[in-house]
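Participant: So here's final-v5.tsv, just TSV, C-alpha atoms and all ligand atoms:
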```
chain	number	residue	atom	x	y	z
A	540	MET	CA	0.00	0.00	0.00
A	541	ASP	CA	1.21	3.48	-0.89
A	542	ASP	CA	1.64	5.42	2.34
A	543	ARG	CA	2.82	8.71	0.83
A	544	ASN	CA	-0.35	10.66	1.51
A	545	LEU	CA	-0.80	9.59	5.13
A	546	PRO	CA	-0.88	12.71	7.31
A	547	LEU	CA	1.71	13.31	10.00
A	548	PRO	CA	0.70	14.91	13.28
A	549	PRO	CA	2.11	18.48	13.37
A	550	GLU	CA	3.59	17.93	16.87
A	551	ALA	CA	5.60	14.99	15.55
A	552	VAL	CA	6.92	17.19	12.74
A	553	ASP	CA	7.94	19.90	15.21
A	554	VAL	CA	9.82	17.29	17.26
A	555	ALA	CA	11.62	16.10	14.13
A	556	VAL	CA	12.50	19.66	13.08
A	557	GLN	CA	13.85	20.49	16.55
A	558	THR	CA	15.95	17.34	16.51
A	559	VAL	CA	17.45	18.00	13.07
A	560	ARG	CA	18.27	21.62	13.96
A	561	GLU	CA	20.00	20.51	17.15
A	562	LEU	CA	22.10	17.97	15.26
A	563	ILE	CA	23.08	19.78	12.07
A	564	GLY	CA	22.24	23.42	12.80
A	565	GLU	CA	19.94	25.95	11.24
A	566	SER	CA	21.69	26.28	7.89
A	567	GLY	CA	22.18	22.52	7.49
A	568	ALA	CA	18.45	21.98	8.07
A	569	ALA	CA	17.57	24.75	5.62
A	570	GLY	CA	19.92	23.25	3.00
A	571	ILE	CA	18.16	19.90	3.23
A	572	LEU	CA	14.71	21.45	2.96
A	573	GLN	CA	15.84	23.46	-0.04
A	574	ARG	CA	17.14	20.34	-1.73
A	575	ALA	CA	13.79	18.64	-1.05
A	576	ASN	CA	11.93	21.70	-2.42
A	577	MET	CA	10.29	22.16	0.98
A	578	LEU	CA	11.77	25.41	2.33
A	579	ASP	CA	8.26	26.86	2.70
A	580	TYR	CA	7.35	24.12	5.20
A	581	LEU	CA	9.16	25.93	8.00
A	582	LYS	CA	8.50	29.25	9.63
A	583	ASP	CA	10.45	30.44	12.67
A	584	GLY	CA	11.77	26.95	13.28
A	585	LYS	CA	8.31	25.37	13.33
A	586	LEU	CA	5.95	23.86	10.84
A	587	ALA	CA	4.54	26.74	8.77
A	588	PRO	CA	0.83	27.45	9.36
A	589	GLY	CA	-1.46	25.74	6.88
A	590	LYS	CA	1.09	23.08	5.88
A	591	LYS	CA	-0.16	19.51	6.14
A	592	PRO	CA	2.91	17.28	6.11
A	593	THR	CA	2.63	13.69	4.95
A	594	PHE	CA	4.71	10.53	5.22
A	595	GLY	CA	5.96	11.23	1.69
A	596	ASP	CA	7.43	14.55	2.85
A	597	VAL	CA	9.55	12.73	5.46
A	598	GLY	CA	10.77	10.32	2.80
A	599	ARG	CA	11.73	13.26	0.57
A	600	VAL	CA	13.61	15.06	3.35
A	601	THR	CA	15.45	11.86	4.28
A	602	GLN	CA	16.39	11.24	0.65
A	603	ALA	CA	17.63	14.86	0.34
A	604	MET	CA	19.82	14.38	3.39
A	605	ILE	CA	21.34	11.20	1.98
A	606	ASP	CA	21.91	12.88	-1.41
A	607	MET	CA	23.71	15.78	0.26
A	608	TYR	CA	25.80	13.99	2.88
A	609	GLY	CA	26.21	10.49	1.43
A	610	THR	CA	24.74	7.30	2.92
A	611	LYS	CA	27.44	6.73	5.53
A	612	SER	CA	27.44	10.18	7.07
A	613	ALA	CA	23.70	10.72	6.67
A	614	SER	CA	22.83	7.35	8.22
A	615	ALA	CA	24.94	8.13	11.30
A	616	THR	CA	23.21	11.49	11.71
A	617	LEU	CA	19.77	9.97	11.08
A	618	LYS	CA	20.40	7.29	13.72
A	619	ARG	CA	21.35	9.97	16.21
A	620	ALA	CA	18.25	11.91	15.21
A	621	GLY	CA	16.16	8.81	15.89
A	622	ARG	CA	17.66	8.42	19.36
A	623	VAL	CA	17.00	12.05	20.25
A	624	GLN	CA	13.54	11.77	18.74
A	625	PHE	CA	12.59	8.86	20.96
A	626	THR	CA	13.61	10.86	24.03
A	627	LYS	CA	11.50	13.78	22.85
A	628	TRP	CA	8.52	11.51	22.09
A	629	ARG	CA	8.62	10.32	25.68
A	630	GLU	CA	8.37	13.95	26.79
A	631	ASN	CA	5.78	14.94	24.20
A	632	TYR	CA	3.54	11.90	24.46
A	633	PRO	CA	3.80	10.96	28.14
A	634	ALA	CA	0.48	9.13	28.20
A	635	ALA	CA	1.32	7.02	25.16
A	636	ILE	CA	5.00	6.26	25.69
A	637	GLY	CA	6.08	7.64	29.06
A	638	LEU	CA	4.31	4.86	30.96
A	639	ALA	CA	4.78	4.27	34.63
A	640	SER	CA	8.49	3.63	34.27
A	641	ALA	CA	8.88	3.00	38.00
A	642	ALA	CA	6.37	0.16	37.82
A	643	LEU	CA	8.00	-1.14	34.64
A	644	LYS	CA	11.42	-1.32	36.30
A	645	THR	CA	10.27	-4.01	38.71
A	646	LEU	CA	9.38	-6.38	35.87
A	647	PRO	CA	11.78	-8.72	34.04
A	648	ALA	CA	13.40	-7.15	30.96
A	649	ASP	CA	11.50	-9.28	28.43
A	650	ILE	CA	8.13	-8.36	29.96
A	651	ARG	CA	9.18	-4.70	29.98
A	652	MET	CA	10.03	-4.87	26.28
A	653	LYS	CA	6.71	-6.56	25.48
A	654	THR	CA	4.80	-3.94	27.46
A	655	MET	CA	6.72	-1.14	25.81
A	656	PHE	CA	6.19	-2.40	22.27
A	657	LYS	CA	2.49	-2.83	22.97
A	658	ALA	CA	2.39	0.84	23.99
A	659	VAL	CA	4.46	1.85	20.95
A	660	GLY	CA	2.15	-0.12	18.65
A	661	MET	CA	-0.92	1.61	20.07
A	662	ALA	CA	0.74	5.02	19.89
A	663	ALA	CA	1.85	4.43	16.30
A	664	LYS	CA	-1.70	3.50	15.35
A	665	GLN	CA	-3.39	6.35	17.21
A	666	ILE	CA	-0.89	9.11	16.48
A	667	ALA	CA	0.38	8.22	13.01
A	668	HIS	CA	-2.04	5.56	11.58
A	669	VAL	CA	0.79	3.02	11.38
A	670	ASP	CA	0.03	-0.71	11.73
A	671	THR	CA	2.75	-2.58	13.57
A	672	GLU	CA	3.54	-6.09	14.70
A	673	PHE	CA	5.90	-7.27	17.43
A	674	PHE	CA	7.11	-10.73	18.34
A	675	GLU	CA	9.90	-12.59	20.10
A	676	ASN	CA	12.13	-14.97	18.15
A	677	PRO	CA	13.39	-18.34	19.45
A	678	ASP	CA	16.97	-16.98	19.65
A	679	GLY	CA	15.94	-14.21	22.06
A	680	SER	CA	15.93	-11.44	19.46
A	681	LEU	CA	12.83	-9.31	18.90
A	682	THR	CA	11.11	-8.39	15.66
A	683	PHE	CA	9.21	-5.17	15.07
A	684	LYS	CA	7.36	-4.57	11.81
A	685	ALA	CA	5.83	-1.36	10.49
A	686	TYR	CA	3.39	-1.75	7.61
A	687	GLN	CA	3.44	1.96	6.84
A	688	CYS	CA	6.58	4.03	7.36
A	689	PRO	CA	7.17	7.78	7.04
A	690	TYR	CA	10.96	7.46	6.89
A	691	CYS	CA	11.10	5.63	3.56
A	692	SER	CA	7.76	6.71	2.16
A	693	GLY	CA	7.94	7.11	-1.62
A	694	VAL	CA	11.61	6.05	-1.69
A	695	GLN	CA	13.05	3.15	-3.71
A	696	THR	CA	16.42	1.72	-2.70
A	697	ALA	CA	18.42	-1.47	-2.78
A	698	ILE	CA	19.39	-1.26	0.91
A	699	PRO	CA	17.38	-0.58	4.08
A	700	PHE	CA	16.64	3.12	4.38
A	701	CYS	CA	15.05	3.76	7.78
A	702	HIS	CA	18.08	4.76	9.86
A	703	THR	CA	15.99	7.15	11.94
A	704	ALA	CA	13.75	4.29	13.05
A	705	VAL	CA	16.81	2.15	13.87
A	706	GLY	CA	18.13	4.91	16.15
A	707	ALA	CA	14.76	5.36	17.83
A	708	LEU	CA	14.46	1.59	18.48
A	709	ASP	CA	18.04	1.44	19.86
A	710	GLU	CA	17.17	4.22	22.28
A	711	LEU	CA	13.85	2.65	23.21
A	712	ALA	CA	15.53	-0.67	24.04
A	713	ILE	CA	18.26	1.00	26.12
A	714	TRP	CA	15.72	3.07	27.99
A	715	VAL	CA	13.49	0.08	28.75
A	716	THR	CA	16.18	-2.42	29.75
A	717	ASN	CA	19.11	-0.24	30.89
A	718	SER	CA	21.42	-2.27	28.67
A	719	PRO	CA	22.66	-1.81	25.10
A	720	TRP	CA	20.82	-3.31	22.13
A	721	GLN	CA	21.53	-3.31	18.46
A	722	THR	CA	18.76	-2.78	15.93
A	723	GLU	CA	19.03	-3.84	12.32
A	724	GLU	CA	16.51	-3.18	9.57
A	725	ILE	CA	16.39	-6.44	7.62
A	726	GLU	CA	13.58	-5.60	5.20
A	727	CYS	CA	12.42	-2.19	4.06
A	728	ARG	CA	9.37	-0.94	2.22
A	729	ALA	CA	11.80	1.13	0.12
A	730	MET	CA	13.16	-2.22	-1.14
A	731	GLY	CA	9.67	-3.41	-2.06
A	732	ALA	CA	8.97	-5.33	1.16
A	733	GLU	CA	5.47	-5.30	2.61
A	734	ALA	CA	6.77	-3.93	5.93
A	735	CYS	CA	9.87	-2.29	7.35
A	736	THR	CA	11.17	-5.07	9.58
A	737	PHE	CA	13.56	-4.41	12.45
A	738	VAL	CA	15.38	-7.03	14.52
A	739	LEU	CA	16.59	-6.03	17.98
A	740	ARG	CA	19.33	-7.97	19.74
A	741	PRO	CA	20.98	-7.43	23.10
A	742	SER	CA	24.54	-6.32	22.37
A	743	GLY	CA	27.36	-7.06	24.79
A	744	GLY	CA	26.85	-6.88	28.56
A	801	ZN	ZN	12.24	0.98	5.93
```
Would you put the structure from the file into structure tokens?
Ligand SMILES: [Zn+2]
Facilitator:
Amino acid sequence: MDDRNLPLPPEAVDVAVQTVRELIGESGAAGILQRANMLDYLKDGKLAPGKKPTFGDVGRVTQAMIDMYGTKSASATLKRAGRVQFTKWRENYPAAIGLASAALKTLPADIRMKTMFKAVGMAAKQIAHVDTEFFENPDGSLTFKAYQCPYCSGVQTAIPFCHTAVGALDELAIWVTNSPWQTEEIECRAMGAEACTFVLRPSGG
């Protein structure tokens, strides 16, 4: 299904804009928007009034960033952006993602992860109309699938594209379990897959 015209909540766009400006500065952010032909989307560092951003816009901005900085450098920045974004989501959507972290901490790590991904799945559906799936694999790794995805919306590539989501999932896993995880996108809608599929594995420790 084409997800390019799905609307993005304006607050989520403001969070993304804040994050990008923090990481690459005002002029870097403006350069990317210019390249994506979207300079008019911003006014005073926020989403311009009357603009209705879509998933496809995020895909275009991400593609512009990769075109300008190259895959290696852009993917590192996008991963960092994803990590910062997850932290900001927790602050901006406390009911959906903040959870009662004190109560969560008393539960075993695998139950915490399950609880968290259930909350993320509900938030994704309610806030961004994204259908997700989450399951545990026999080897202890976890799989998270997104059947619509703003990060690669409208993009076609030969390699996984959703570095921002990878960073956000890394940060989520660290926050929930207090130990490092590594997320890998193994299938991507930009490669023609039906879902962007992420595998999370505990790393080290
Ligand atoms: Zn993807």
Participant: Calculated over all atoms listed in the file, which of the candidates A:His702, A:Lys590, A:Lys684, A:Lys618 has the smallest distance to Asp670 in chain A?
Facilitator: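 Closest candidate: A:Lys684.
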Participant: Would you name the residues within 6 Å of ligand ZN 801 (chain A), counting all atoms listed in the file, and put them as a list of chain:residue names?
Facilitator: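 Answer in the requested format: A:Cys691, A:Pro699, A:Phe700, A:Cys701, A:Cys727, A:Arg728, A:Ala729, A:Cys735.
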Participant: Take the residues from that selection and put them in a file with C-alpha atoms, as a CSV table (one decimal), in the coordinates of the input.
Facilitator:
```csv
chain,number,residue,atom,x,y,z
A,691,CYS,CA,11.1,5.6,3.6
A,699,PRO,CA,17.4,-0.6,4.1
A,700,PHE,CA,16.6,3.1,4.4
A,701,CYS,CA,15.0,3.8,7.8
A,727,CYS,CA,12.4,-2.2,4.1
A,728,ARG,CA,9.4,-0.9,2.2
A,729,ALA,CA,11.8,1.1,0.1
A,735,CYS,CA,9.9,-2.3,7.4
```
Participant: Which is closest to Arg629 in chain A among A:Ala648, A:Ala615, A:Val659, A:Leu562, if we use all atoms listed in the file?
Facilitator: A:Val659
Participant: Could you give me, as a compact mmCIF listing (two decimals) with C-alpha atoms, in the frame of the given file, the residues within 10 Å of Ile666 in chain A, counting all atoms listed in the file and dropping anything in the same chain fewer than 3 positions from it?
Facilitator:
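Final output, part-v3.txt:
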```txt
# COMPACT_ATOMS: atom_id res chain seq x y z
CA PRO A 546 -0.88 12.71 7.31
CA LEU A 547 1.71 13.31 10.00
CA PRO A 548 0.70 14.91 13.28
CA GLU A 550 3.59 17.93 16.87
CA ALA A 551 5.60 14.99 15.55
CA TYR A 632 3.54 11.90 24.46
CA ALA A 635 1.32 7.02 25.16
CA GLY A 660 2.15 -0.12 18.65
CA MET A 661 -0.92 1.61 20.07
CA ALA A 662 0.74 5.02 19.89
CA ALA A 663 1.85 4.43 16.30
CA VAL A 669 0.79 3.02 11.38
```
Participant: One decimal, Å: what's the distance from CA of Glu630 in chain A over to CA of Glu561 in chain A, could you say?
Facilitator: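 Straight-line distance from CA of Glu630 in chain A to CA of Glu561 in chain A works out to 16.5 Å.
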Participant: In terms of the shortest atom-to-atom distance over all atoms listed in the file, which of A:Leu646, A:Val556, A:Ala620, A:Ile725 is closest to Thr703 in chain A?
Facilitator: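 Counting all atoms listed in the file, the residue closest to Thr703 in chain A is A:Ala620.
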Participant: Counting all atoms listed in the file, what is within 12 Å of Gly731 in chain A, bar same-chain residues fewer than 4 positions away, as number ranges by chain?
Facilitator: A: 540-541, 686, 691-700, 726-727, 735-736
Participant: Report, in Å with one decimal, the straight-line distance from CA of Leu578 in chain A to CA of Met607 in chain A.
Facilitator: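 These atoms are spaced 15.5 Å apart.
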Participant: Identify which of the residues A:Thr626, A:Gln665, A:Ser614, A:Thr716 lies closest to Thr645 in chain A, counting only C-alpha atoms when measuring atom-to-atom distances.
Facilitator: A:Thr716
Participant: Restricting the calculation to all atoms listed in the file: of A:Val623, A:Ala704, A:Ala568, A:Met604, which residue gets closest to Leu581 in chain A?
Facilitator: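 The closest residue to Leu581 in chain A is A:Ala568.
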Participant: For Leu572 in chain A, list every protein, DNA or RNA residue within 10 Å, evaluated using only C-alpha atoms, and leave out those in the same chain fewer than 2 positions away; present the list as number ranges by chain.
Facilitator: A: 566-570, 574-581, 599-601, 603-604
Participant: What's the separation between CA of Gly564 in chain A and CA of Arg619 in chain A, in Å to one decimal place?
Facilitator: 13.9 Å
Participant: Determine the nearest neighbour of Gly621 in chain A from the options A:Ser680, A:Gln687, A:Thr558, A:Asn544, counting only C-alpha atoms.
Facilitator: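 Distance minimum relative to Gly621 in chain A lands on A:Thr558.
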Participant: Could you list as a ChimeraX atom specification every residue that has an atom within 6 Å of (18.9, -5.2, 21.3), using the file's coordinates and counting only C-alpha atoms?
Facilitator: /A:720-722,739-742
Participant: Those residues you just picked out, can you put them in a file as a PDB file, in the coordinates of the input with C-alpha atoms?
Facilitator:
```
ATOM      1  CA  TRP A 720      20.820  -3.310  22.130  1.00  0.00           C
ATOM      2  CA  GLN A 721      21.530  -3.310  18.460  1.00  0.00           C
ATOM      3  CA  THR A 722      18.760  -2.780  15.930  1.00  0.00           C
ATOM      4  CA  LEU A 739      16.590  -6.030  17.980  1.00  0.00           C
ATOM      5  CA  ARG A 740      19.330  -7.970  19.740  1.00  0.00           C
ATOM      6  CA  PRO A 741      20.980  -7.430  23.100  1.00  0.00           C
ATOM      7  CA  SER A 742      24.540  -6.320  22.370  1.00  0.00           C
TER       8      SER A 742
END
```
Participant: Kindly extract all protein, DNA and RNA residues lying within 6 Å of the coordinates (7.1, 19.3, 10.7) given in the file, considering all atoms listed in the file, and supply them as a PDB file with C-alpha atoms, in the coordinates of the input.
Facilitator:
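New file part_38.pdb:
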```pdb
ATOM      1  CA  PRO A 549       2.110  18.480  13.370  1.00  0.00           C
ATOM      2  CA  VAL A 552       6.920  17.190  12.740  1.00  0.00           C
ATOM      3  CA  ASP A 553       7.940  19.900  15.210  1.00  0.00           C
ATOM      4  CA  VAL A 556      12.500  19.660  13.080  1.00  0.00           C
ATOM      5  CA  LEU A 586       5.950  23.860  10.840  1.00  0.00           C
TER       6      LEU A 586
END
```
Participant: What would range 667-689 of chain A look like with N, CA, C and O atoms in place, written as a compact mmCIF listing (two decimals), in the coordinates of the input?
Facilitator:
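Writing the result to out-v3.txt gives the following:
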```txt
# COMPACT_ATOMS: atom_id res chain seq x y z
N ALA A 667 -0.12 8.11 14.39
CA ALA A 667 0.38 8.22 13.01
C ALA A 667 -0.28 7.22 12.04
O ALA A 667 0.15 7.13 10.90
N HIS A 668 -1.34 6.50 12.46
CA HIS A 668 -2.04 5.56 11.58
C HIS A 668 -1.13 4.47 11.03
O HIS A 668 -1.28 4.03 9.89
N VAL A 669 -0.16 4.05 11.82
CA VAL A 669 0.79 3.02 11.38
C VAL A 669 0.42 1.68 12.04
O VAL A 669 0.24 1.60 13.25
N ASP A 670 0.28 0.63 11.21
CA ASP A 670 0.03 -0.71 11.73
C ASP A 670 1.35 -1.39 12.01
O ASP A 670 2.24 -1.40 11.15
N THR A 671 1.49 -1.95 13.20
CA THR A 671 2.75 -2.58 13.57
C THR A 671 2.52 -4.00 14.06
O THR A 671 1.38 -4.40 14.34
N GLU A 672 3.59 -4.73 14.19
CA GLU A 672 3.54 -6.09 14.70
C GLU A 672 4.82 -6.29 15.51
O GLU A 672 5.87 -5.73 15.16
N PHE A 673 4.73 -7.04 16.58
CA PHE A 673 5.90 -7.27 17.43
C PHE A 673 5.90 -8.71 17.89
O PHE A 673 4.87 -9.23 18.30
N PHE A 674 7.03 -9.38 17.77
CA PHE A 674 7.11 -10.73 18.34
C PHE A 674 8.53 -11.09 18.75
O PHE A 674 9.51 -10.47 18.31
N GLU A 675 8.60 -12.09 19.64
CA GLU A 675 9.90 -12.59 20.10
C GLU A 675 10.31 -13.76 19.22
O GLU A 675 9.48 -14.57 18.82
N ASN A 676 11.61 -13.86 18.94
CA ASN A 676 12.13 -14.97 18.15
C ASN A 676 12.76 -16.01 19.08
O ASN A 676 13.15 -15.69 20.20
N PRO A 677 12.84 -17.27 18.60
CA PRO A 677 13.39 -18.34 19.45
C PRO A 677 14.80 -18.03 19.97
O PRO A 677 15.17 -18.49 21.05
N ASP A 678 15.59 -17.26 19.21
CA ASP A 678 16.97 -16.98 19.65
C ASP A 678 17.07 -15.81 20.63
O ASP A 678 18.17 -15.38 20.98
N GLY A 679 15.91 -15.28 21.07
CA GLY A 679 15.94 -14.21 22.06
C GLY A 679 15.90 -12.82 21.43
O GLY A 679 15.75 -11.82 22.14
N SER A 680 16.05 -12.74 20.10
CA SER A 680 15.93 -11.44 19.46
C SER A 680 14.45 -11.07 19.32
O SER A 680 13.57 -11.91 19.53
N LEU A 681 14.20 -9.81 19.01
CA LEU A 681 12.83 -9.31 18.90
C LEU A 681 12.62 -8.75 17.50
O LEU A 681 13.55 -8.18 16.92
N THR A 682 11.42 -8.93 16.98
CA THR A 682 11.11 -8.39 15.66
C THR A 682 10.00 -7.36 15.77
O THR A 682 8.99 -7.59 16.45
N PHE A 683 10.21 -6.23 15.12
CA PHE A 683 9.21 -5.17 15.07
C PHE A 683 8.97 -4.82 13.61
O PHE A 683 9.91 -4.56 12.87
N LYS A 684 7.70 -4.86 13.21
CA LYS A 684 7.36 -4.57 11.81
C LYS A 684 6.45 -3.35 11.73
O LYS A 684 5.53 -3.22 12.55
N ALA A 685 6.70 -2.51 10.74
CA ALA A 685 5.83 -1.36 10.49
C ALA A 685 5.32 -1.45 9.06
O ALA A 685 6.11 -1.49 8.12
N TYR A 686 3.99 -1.53 8.93
CA TYR A 686 3.39 -1.75 7.61
C TYR A 686 3.17 -0.45 6.84
O TYR A 686 2.82 -0.46 5.67
N GLN A 687 3.33 0.69 7.51
CA GLN A 687 3.44 1.96 6.84
C GLN A 687 4.64 2.63 7.50
O GLN A 687 4.92 2.37 8.67
N CYS A 688 5.36 3.48 6.76
CA CYS A 688 6.58 4.03 7.36
C CYS A 688 6.89 5.40 6.75
O CYS A 688 7.13 5.50 5.55
N PRO A 689 6.88 6.45 7.59
CA PRO A 689 7.17 7.78 7.04
C PRO A 689 8.61 7.90 6.53
O PRO A 689 8.85 8.59 5.54
```
